[in-house]
file my_file-v9.txt (compact mmCIF, C-alpha atoms)
# COMPACT_ATOMS: atom_id res chain seq x y z
CA THR A 803 -196.40 -233.94 62.78
CA PRO A 804 -198.81 -233.28 65.67
CA GLU A 805 -200.80 -236.38 64.68
CA GLU A 806 -197.69 -238.58 64.73
CA LYS A 807 -196.59 -237.15 68.09
CA GLU A 808 -200.01 -237.94 69.52
CA LYS A 809 -199.77 -241.54 68.27
CA LEU A 810 -196.32 -241.90 69.81
CA VAL A 811 -197.47 -240.52 73.17
CA ASN A 812 -200.52 -242.78 73.16
CA TYR A 813 -198.24 -245.75 72.52
CA LEU A 814 -195.92 -244.77 75.37
CA LYS A 815 -198.87 -244.32 77.72
CA ALA A 816 -200.16 -247.78 76.91
CA GLU A 817 -196.84 -249.63 76.67
CA GLY A 818 -195.03 -247.76 79.44
CA ASP A 819 -197.95 -247.34 81.88
CA LEU A 820 -197.56 -243.56 82.02
CA ASP A 821 -200.10 -241.59 84.07
CA LYS A 822 -202.22 -238.71 82.73
CA ASP A 823 -199.28 -236.33 83.29
CA LEU A 824 -197.03 -238.69 81.30
CA PHE A 825 -195.02 -239.81 84.33
CA TYR A 826 -194.17 -243.40 85.24
CA LYS A 827 -194.97 -244.08 88.88
CA GLY A 828 -194.95 -247.87 88.88
CA SER A 829 -197.32 -250.49 87.52
CA SER A 830 -198.42 -254.07 88.00
CA ARG A 831 -195.83 -255.09 85.40
CA GLY A 832 -193.12 -253.60 87.59
CA GLY A 833 -194.02 -255.93 90.45
CA TYR A 834 -195.44 -255.63 93.96
CA LYS A 835 -194.16 -255.03 97.47
CA ASP A 836 -197.16 -257.06 98.60
CA GLU A 837 -198.82 -259.38 96.12
CA PRO A 838 -202.54 -258.85 95.40
CA GLY A 839 -205.03 -261.36 96.71
CA SER A 840 -208.77 -261.90 97.00
CA GLY A 841 -211.53 -259.55 98.10
CA LEU A 842 -210.29 -256.00 98.71
CA ASP A 843 -206.61 -256.98 98.71
CA ALA A 844 -205.34 -255.02 95.70
CA GLY A 845 -201.71 -255.44 96.72
CA VAL A 846 -199.05 -252.73 97.02
CA LEU A 847 -197.05 -251.75 93.95
CA ARG A 848 -193.28 -251.73 94.18
CA ASP A 849 -191.73 -248.27 93.83
CA PRO A 850 -190.14 -247.80 90.40
CA PHE A 851 -186.36 -247.78 90.13
CA SER A 852 -184.77 -244.40 89.62
CA MET A 853 -183.35 -243.55 86.21
CA LYS A 854 -179.89 -243.38 87.82
CA ALA A 855 -180.22 -246.91 89.21
CA ILE A 856 -181.40 -248.26 85.86
CA LEU A 857 -178.54 -246.64 83.93
CA ASN A 858 -175.90 -247.73 86.45
CA SER A 859 -177.15 -251.31 86.32
CA GLY A 860 -176.34 -251.55 82.60
CA PHE A 861 -179.91 -252.74 82.05
CA GLY A 862 -180.10 -251.54 78.45
CA ASN A 863 -177.06 -253.59 77.46
CA PHE A 864 -179.17 -256.74 77.58
CA PHE A 865 -181.90 -255.57 75.21
CA SER A 866 -180.17 -257.28 72.29
CA SER A 867 -180.68 -260.64 74.02
CA GLU A 868 -184.37 -259.96 74.66
CA TYR A 869 -185.14 -258.50 71.23
CA SER A 870 -182.60 -260.19 68.97
CA TYR A 871 -182.60 -258.97 65.39
CA ASP A 872 -182.36 -262.45 63.88
CA GLN A 873 -184.29 -264.62 66.33
CA GLN A 874 -187.79 -264.96 67.67
CA MET A 875 -189.19 -266.51 70.80
CA MET A 876 -189.26 -270.30 70.76
CA MET A 877 -192.40 -271.80 69.25
CA PHE A 878 -191.52 -275.50 69.22
CA HIS A 879 -189.17 -277.63 71.29
CA PRO A 880 -188.13 -281.07 69.95
CA VAL A 881 -189.37 -283.78 72.29
CA GLY A 882 -186.37 -285.25 74.08
CA GLY A 883 -183.98 -282.49 73.03
CA ILE A 884 -182.52 -280.88 69.92
CA ASP A 885 -180.61 -284.00 68.88
CA ALA A 886 -183.97 -285.51 67.94
CA ILE A 887 -183.48 -283.68 64.62
CA PRO A 888 -180.17 -285.31 63.56
CA ASN A 889 -181.42 -288.60 65.01
CA ALA A 890 -184.36 -288.46 62.60
CA PHE A 891 -181.97 -287.99 59.66
CA GLU A 892 -179.89 -290.90 60.95
CA LYS A 893 -182.89 -293.24 60.91
CA ARG A 894 -183.44 -292.49 57.21
CA LEU A 895 -179.77 -293.18 56.44
CA LYS A 896 -179.32 -296.54 58.16
CA GLY A 897 -176.49 -298.49 56.54
CA VAL A 898 -175.23 -295.45 54.62
CA ILE A 899 -173.29 -293.65 57.34
CA GLU A 900 -169.83 -294.92 58.27
CA TYR A 901 -169.10 -294.04 61.89
CA ASN A 902 -165.73 -293.68 63.64
CA SER A 903 -164.07 -292.55 60.42
CA GLU A 904 -161.51 -289.76 60.16
CA VAL A 905 -160.90 -288.18 56.75
CA THR A 906 -157.18 -287.97 55.96
CA GLU A 907 -157.06 -286.87 52.32
CA ILE A 908 -159.27 -285.55 49.50
CA SER A 909 -158.01 -285.85 45.90
CA GLN A 910 -159.63 -285.19 42.55
CA GLY A 911 -159.30 -286.75 39.12
CA GLU A 912 -160.77 -285.77 35.78
CA SER A 913 -164.17 -287.29 36.54
CA SER A 914 -164.09 -288.40 40.17
CA VAL A 915 -163.17 -287.57 43.76
CA THR A 916 -161.37 -289.95 46.11
CA VAL A 917 -161.53 -289.60 49.88
CA LYS A 918 -159.09 -291.46 52.08
CA TYR A 919 -160.12 -292.09 55.66
CA LYS A 920 -159.06 -294.03 58.72
CA ASP A 921 -161.33 -296.50 60.48
CA LEU A 922 -160.71 -295.49 64.09
CA LYS A 923 -161.88 -298.85 65.46
CA SER A 924 -159.64 -301.07 63.32
CA GLY A 925 -156.97 -298.52 62.49
CA LYS A 926 -157.22 -299.47 58.80
CA GLU A 927 -156.88 -296.93 55.98
CA LYS A 928 -159.83 -296.99 53.54
CA THR A 929 -160.85 -295.10 50.40
CA VAL A 930 -164.12 -294.20 48.75
CA THR A 931 -164.53 -292.75 45.24
CA GLY A 932 -167.47 -290.88 43.77
CA ASP A 933 -168.41 -288.52 40.96
CA TYR A 934 -168.67 -285.60 43.38
CA CYS A 935 -167.92 -284.86 47.02
CA ILE A 936 -170.06 -282.75 49.33
CA CYS A 937 -167.68 -281.85 52.15
CA THR A 938 -169.35 -280.73 55.39
CA ILE A 939 -166.21 -280.79 57.54
CA PRO A 940 -165.85 -277.50 59.49
CA LEU A 941 -163.28 -275.24 57.81
CA SER A 942 -161.36 -275.10 61.10
CA VAL A 943 -160.69 -278.84 60.68
CA LEU A 944 -160.61 -279.00 56.87
CA LYS A 945 -157.64 -276.61 56.69
CA SER A 946 -155.43 -279.33 58.24
CA ILE A 947 -156.57 -282.16 55.96
CA LYS A 948 -154.47 -282.95 52.89
CA ALA A 949 -156.38 -281.92 49.76
CA ASP A 950 -155.56 -280.85 46.21
CA PHE A 951 -157.78 -277.78 46.26
CA SER A 952 -156.96 -274.83 44.05
CA ALA A 953 -154.69 -272.18 45.56
CA GLU A 954 -157.65 -269.79 45.76
CA MET A 955 -159.84 -272.30 47.62
CA LYS A 956 -157.06 -273.34 49.99
CA SER A 957 -156.30 -269.70 50.82
CA ALA A 958 -160.00 -269.03 51.52
CA ILE A 959 -160.28 -272.07 53.82
CA ASP A 960 -157.11 -271.10 55.69
CA SER A 961 -158.32 -267.52 56.23
CA VAL A 962 -161.50 -268.30 58.17
CA ASN A 963 -161.73 -268.08 61.97
CA TYR A 964 -164.18 -269.85 64.26
CA ALA A 965 -165.99 -268.48 67.32
CA SER A 966 -165.05 -269.36 70.88
CA ALA A 967 -167.97 -270.87 72.77
CA GLY A 968 -168.61 -273.23 75.66
CA LYS A 969 -171.37 -274.61 77.87
CA ILE A 970 -171.81 -276.47 81.11
CA GLY A 971 -174.75 -278.57 82.22
CA LEU A 972 -175.35 -278.73 85.98
CA GLN A 973 -177.53 -281.51 87.38
CA PHE A 974 -179.38 -280.85 90.64
CA LYS A 975 -181.19 -283.15 93.05
CA ARG A 976 -184.34 -281.08 92.77
CA ARG A 977 -185.68 -278.33 90.52
CA PHE A 978 -185.32 -275.55 93.08
CA TRP A 979 -185.72 -272.81 90.47
CA GLU A 980 -189.26 -274.06 89.88
CA GLU A 981 -190.15 -275.16 93.43
CA ASP A 982 -188.66 -272.15 95.26
CA GLU A 983 -188.64 -269.35 92.70
CA GLN A 984 -191.35 -270.22 90.15
CA ILE A 985 -188.96 -269.96 87.20
CA TYR A 986 -190.19 -272.06 84.28
CA GLY A 987 -187.88 -271.71 81.30
CA GLY A 988 -186.09 -268.58 80.10
CA ASN A 989 -182.68 -267.40 81.20
CA THR A 990 -180.84 -265.16 83.63
CA LEU A 991 -178.30 -262.77 82.11
CA THR A 992 -175.29 -261.88 84.24
CA ASN A 993 -172.19 -259.66 84.13
CA MET A 994 -169.99 -262.58 85.25
CA ASP A 995 -167.88 -265.10 83.32
CA ILE A 996 -170.82 -267.51 83.17
CA SER A 997 -172.75 -264.94 81.08
CA SER A 998 -176.12 -266.72 81.29
CA ILE A 999 -178.05 -269.39 83.14
CA TYR A 1000 -180.74 -271.17 81.11
CA TYR A 1001 -183.70 -273.01 82.64
CA PRO A 1002 -185.26 -276.07 80.94
CA PRO A 1003 -188.68 -275.48 79.33
CA THR A 1004 -189.67 -279.14 79.76
CA ARG A 1005 -190.50 -281.71 82.47
CA TYR A 1006 -191.65 -279.06 84.95
CA LEU A 1007 -191.56 -280.12 88.64
CA ASP A 1008 -189.84 -283.41 87.81
CA LYS A 1009 -187.68 -284.99 90.53
CA LYS A 1010 -184.35 -283.76 89.16
CA GLY A 1011 -183.23 -281.21 86.61
CA VAL A 1012 -180.33 -279.86 84.58
CA LEU A 1013 -179.56 -276.16 84.22
CA LEU A 1014 -177.33 -274.70 81.56
CA GLY A 1015 -174.87 -273.25 84.07
CA TYR A 1016 -173.17 -271.05 81.50
CA TYR A 1017 -173.19 -270.34 77.79
CA ALA A 1018 -170.00 -268.35 77.27
CA PHE A 1019 -168.62 -266.66 74.17
CA GLY A 1020 -165.41 -264.91 73.16
CA ALA A 1021 -162.91 -264.13 75.91
CA ASN A 1022 -165.13 -265.66 78.61
CA ALA A 1023 -165.30 -268.92 76.64
CA ASP A 1024 -161.52 -268.94 76.19
CA LYS A 1025 -161.01 -268.36 79.92
CA LEU A 1026 -163.37 -271.19 80.88
CA GLY A 1027 -162.11 -273.43 78.08
CA ALA A 1028 -158.56 -273.22 79.42
CA MET A 1029 -159.77 -274.72 82.72
CA SER A 1030 -160.14 -278.43 83.49
CA PRO A 1031 -163.72 -279.78 83.66
CA GLN A 1032 -163.44 -279.80 87.47
CA GLU A 1033 -162.30 -276.16 87.51
CA ARG A 1034 -165.14 -275.12 85.19
CA GLU A 1035 -167.61 -276.86 87.50
CA LYS A 1036 -166.20 -275.08 90.56
CA HIS A 1037 -166.27 -271.71 88.77
CA ALA A 1038 -169.84 -272.14 87.50
CA LEU A 1039 -171.08 -273.15 90.95
CA ALA A 1040 -169.34 -270.23 92.69
CA GLN A 1041 -170.75 -267.63 90.31
CA GLY A 1042 -174.19 -269.25 89.92
CA ALA A 1043 -174.59 -269.45 93.71
CA LYS A 1044 -174.57 -265.65 93.83
CA ILE A 1045 -177.93 -265.86 92.05
CA HIS A 1046 -179.22 -269.18 93.38
CA PRO A 1047 -177.90 -269.96 96.90
CA GLN A 1048 -179.37 -273.46 96.56
CA TYR A 1049 -176.60 -274.44 94.12
CA TYR A 1050 -174.24 -276.06 96.61
CA ASP A 1051 -176.86 -277.98 98.61
CA GLU A 1052 -178.64 -279.35 95.54
CA PHE A 1053 -175.74 -279.98 93.12
CA GLU A 1054 -175.03 -283.52 91.85
CA SER A 1055 -172.85 -283.54 88.73
CA SER A 1056 -171.79 -281.60 85.63
CA PHE A 1057 -170.70 -281.91 82.02
CA SER A 1058 -168.94 -279.12 80.14
CA VAL A 1059 -167.66 -278.54 76.60
CA ASP A 1060 -165.28 -276.06 75.00
CA TRP A 1061 -165.80 -276.30 71.25
CA LYS A 1062 -162.36 -274.99 70.34
CA SER A 1063 -160.93 -278.01 72.20
CA VAL A 1064 -163.11 -280.59 70.45
CA LYS A 1065 -160.95 -282.33 67.85
CA TYR A 1066 -163.51 -282.42 65.04
CA ASN A 1067 -164.96 -278.95 65.72
CA LEU A 1068 -162.09 -276.64 66.74
CA GLY A 1069 -164.59 -273.84 67.33
CA GLY A 1070 -168.24 -273.13 67.91
CA TRP A 1071 -169.20 -271.88 64.44
CA VAL A 1072 -167.70 -269.96 61.56
CA SER A 1073 -166.96 -266.28 62.16
CA TYR A 1074 -166.74 -264.25 58.95
CA THR A 1075 -165.88 -260.55 58.83
CA GLY A 1076 -167.94 -258.25 56.63
CA ASP A 1077 -165.08 -258.08 54.12
CA GLN A 1078 -164.74 -261.86 54.01
CA ARG A 1079 -168.40 -262.22 53.04
CA GLN A 1080 -167.63 -260.11 49.96
CA THR A 1081 -164.38 -261.88 49.08
CA ILE A 1082 -163.37 -265.35 50.27
CA TYR A 1083 -166.95 -266.43 51.05
CA LYS A 1084 -167.79 -266.18 47.36
CA THR A 1085 -164.84 -268.48 46.61
CA LEU A 1086 -166.03 -271.00 49.22
CA CYS A 1087 -169.52 -271.01 47.69
CA LYS A 1088 -168.18 -272.13 44.31
CA PRO A 1089 -167.27 -275.78 43.70
CA ASP A 1090 -163.58 -276.61 43.54
CA ARG A 1091 -163.82 -278.78 40.44
CA ARG A 1092 -165.86 -281.68 41.87
CA VAL A 1093 -165.80 -280.80 45.57
CA TYR A 1094 -168.64 -278.75 47.04
CA LEU A 1095 -168.60 -277.32 50.57
CA ALA A 1096 -171.74 -277.41 52.73
CA GLY A 1097 -172.66 -276.78 56.36
CA GLU A 1098 -173.60 -273.91 58.65
CA HIS A 1099 -170.40 -272.19 57.49
CA MET A 1100 -171.78 -272.05 53.96
CA SER A 1101 -174.82 -269.98 54.85
CA TYR A 1102 -175.92 -266.70 56.36
CA ILE A 1103 -177.56 -268.65 59.20
CA THR A 1104 -174.27 -269.53 60.86
CA ALA A 1105 -174.22 -271.51 64.13
CA TRP A 1106 -177.65 -273.03 63.44
CA MET A 1107 -178.82 -276.38 62.06
CA ALA A 1108 -181.02 -274.38 59.71
CA GLY A 1109 -177.91 -273.01 57.99
CA GLY A 1110 -176.52 -276.49 57.46
CA ILE A 1111 -179.83 -277.81 56.11
CA GLU A 1112 -180.34 -274.87 53.73
CA SER A 1113 -176.73 -275.22 52.55
CA ALA A 1114 -177.13 -278.94 51.87
CA ARG A 1115 -180.33 -278.36 49.92
CA SER A 1116 -178.62 -275.69 47.81
CA VAL A 1117 -175.55 -277.83 47.01
CA VAL A 1118 -177.58 -280.94 46.10
CA THR A 1119 -179.64 -278.78 43.74
CA GLU A 1120 -176.46 -277.39 42.15
CA ILE A 1121 -175.05 -280.86 41.55
CA HIS A 1122 -178.36 -282.09 40.17
CA GLN A 1123 -178.48 -279.24 37.64
CA ARG A 1124 -174.82 -279.77 36.71
CA VAL A 1125 -175.38 -283.48 36.03
CA LEU A 1126 -178.40 -282.74 33.85
CA GLN A 1127 -176.37 -280.27 31.79
CA GLU A 1128 -173.43 -282.63 31.42

call {"tool": "encode", "arguments": {"input": "my_file-v9.txt", "output": "structure tokens"}}
result
Amino acid sequence: TPEEKEKLVNYLKAEGDLDKDLFYKGSSRGGYKDEPGSGLDAGVLRDPFSMKAILNSGFGNFFSSEYSYDQQMMMFHPVGGIDAIPNAFEKRLKGVIEYNSEVTEISQGESSVTVKYKDLKSGKEKTVTGDYCICTIPLSVLKSIKADFSAEMKSAIDSVNYASAGKIGLQFKRRFWEEDEQIYGGNTLTNMDISSIYYPPTRYLDKKGVLLGYYAFGANADKLGAMSPQEREKHALAQGAKIHPQYYDEFESSFSVDWKSVKYNLGGWVSYTGDQRQTIYKTLCKPDRRVYLAGEHMSYITAWMAGGIESARSVVTEIHQRVLQE
């Protein structure tokens, strides 16, 4: 309707800085040739890019990263890093967790579940028995562990794939991105193997700093994952230096990970197809007699701690209700 068209045009004028003739001729949000200052120094606006230049740059391909359908901008950042969350759980479970233990077999009886595991420090085989088992082992690992699951459950576990993903942390002698370029947090998206560079949103202008030199997925992650740590470092520095020439002068050390190569991960996170959500996922969500599966892979919030936490809450509730009924 005319009224709706008018509202749309008014929005575009305000959001897109269109002039009275509905043309875009540059704005303060587009940047300046000469920055504004005090007094009569209003600055000089930078000329807008042509439509041809914008289209050829592939600019629109990155909108999904800026306006993700399932994420919002960060509101809180755990002090000291994201592992502060599992560390807080650990404090509440002192004396309950057995570390350095590798599960070797899961077997079920009429009224119990027995888990065999190996103490990696002593090399001894141990067992633990309980009324139920909540298994949070990634399916990529669980499929290779001996277990007397039903044929339907085993087939579902074996059918699932996991995403390829990898990261590298690059430590620098000084925070040049802040000191030289006034970048405080956020990320740079690229069309190279490194995909993205992420800047830390904490400890601004500290003496040293660590950048996330790449966060790679899919084929890029597989390519980088096949390299040695030294080769990944060299590759990340070479490509990152195209954006930040300071890389080589300021670099100190690196640490990289390829999750498909990590023995107890064998992938970044679960990767269901649409069909699998309607078929095998429903099987995985049901208990196999007395074994319940939980983790990010048992949620619609895959790849996130939130999925694991929601899954655990759901399974504990299920077991609680089952015990009350029995």

call {"tool": "residues_around", "arguments": {"input": "my_file-v9.txt", "residues": "stretch 1017-1019 of chain A", "least_positions_apart": "5", "cutoff": "12 Å", "atoms": "only C-alpha atoms", "output": "CSV table (one decimal) with C-alpha atoms, in the frame of the given file"}}
result
chain,number,residue,atom,x,y,z
A,964,TYR,CA,-164.2,-269.8,64.3
A,965,ALA,CA,-166.0,-268.5,67.3
A,966,SER,CA,-165.0,-269.4,70.9
A,967,ALA,CA,-168.0,-270.9,72.8
A,968,GLY,CA,-168.6,-273.2,75.7
A,969,LYS,CA,-171.4,-274.6,77.9
A,970,ILE,CA,-171.8,-276.5,81.1
A,971,GLY,CA,-174.8,-278.6,82.2
A,972,LEU,CA,-175.4,-278.7,86.0
A,989,ASN,CA,-182.7,-267.4,81.2
A,990,THR,CA,-180.8,-265.2,83.6
A,991,LEU,CA,-178.3,-262.8,82.1
A,992,THR,CA,-175.3,-261.9,84.2
A,993,ASN,CA,-172.2,-259.7,84.1
A,994,MET,CA,-170.0,-262.6,85.2
A,995,ASP,CA,-167.9,-265.1,83.3
A,996,ILE,CA,-170.8,-267.5,83.2
A,997,SER,CA,-172.8,-264.9,81.1
A,998,SER,CA,-176.1,-266.7,81.3
A,999,ILE,CA,-178.0,-269.4,83.1
A,1000,TYR,CA,-180.7,-271.2,81.1
A,1001,TYR,CA,-183.7,-273.0,82.6
A,1024,ASP,CA,-161.5,-268.9,76.2
A,1025,LYS,CA,-161.0,-268.4,79.9
A,1026,LEU,CA,-163.4,-271.2,80.9
A,1027,GLY,CA,-162.1,-273.4,78.1
A,1034,ARG,CA,-165.1,-275.1,85.2
A,1038,ALA,CA,-169.8,-272.1,87.5
A,1058,SER,CA,-168.9,-279.1,80.1
A,1059,VAL,CA,-167.7,-278.5,76.6
A,1060,ASP,CA,-165.3,-276.1,75.0
A,1061,TRP,CA,-165.8,-276.3,71.2
A,1062,LYS,CA,-162.4,-275.0,70.3
A,1069,GLY,CA,-164.6,-273.8,67.3
A,1070,GLY,CA,-168.2,-273.1,67.9
A,1071,TRP,CA,-169.2,-271.9,64.4

call {"tool": "residues_around", "arguments": {"input": "my_file-v9.txt", "residues": "stretch 1086-1092 of chain A", "least_positions_apart": "4", "cutoff": "7 Å", "atoms": "only C-alpha atoms", "output": "PyMOL selection string"}}
result
chain A and resi 915+934-935+951-952+955+958+1082+1100

call {"tool": "closest_residue", "arguments": {"input": "my_file-v9.txt", "among": "A:Ser1113, A:Asn1067, A:Ser957, A:Gln1041", "to": "A:Ile936", "atoms": "all atoms listed in the file"}}
result
A:Ser1113

call {"tool": "atom_distance", "arguments": {"input": "my_file-v9.txt", "atom1": "atom CA of A:Arg1005", "atom2": "atom CA of A:Arg894"}}
result
28.4 Å

call {"tool": "closest_residue", "arguments": {"input": "my_file-v9.txt", "among": "A:Ser1055, A:Lys948, A:Glu1035, A:Ala1028", "to": "A:Tyr1016", "atoms": "all atoms listed in the file"}}
result
A:Glu1035

call {"tool": "closest_residue", "arguments": {"input": "my_file-v9.txt", "among": "A:Asp1077, A:Asp921, A:Glu904, A:Asp1051", "to": "A:Phe978", "atoms": "only C-alpha atoms"}}
result
A:Asp1051

call {"tool": "residues_near_point", "arguments": {"input": "my_file-v9.txt", "point": "(-178.8, -277.3, 57.9)", "cutoff": "10 Å", "atoms": "all atoms listed in the file", "output": "count of residues only"}}
result
20

call {"tool": "residues_around", "arguments": {"input": "my_file-v9.txt", "residues": "A:Arg831", "least_positions_apart": "4", "cutoff": "10 Å", "atoms": "only C-alpha atoms", "output": "PyMOL selection string"}}
result
chain A and resi 818-819+847-848

call {"tool": "atom_distance", "arguments": {"input": "my_file-v9.txt", "atom1": "atom CA of A:Glu907", "atom2": "atom CA of A:Lys956"}}
result
13.7 Å

call {"tool": "closest_residue", "arguments": {"input": "my_file-v9.txt", "among": "A:Thr1075, A:Pro1031, A:Val943, A:Asp982", "to": "A:Gln1048", "atoms": "all atoms listed in the file"}}
result
A:Asp982
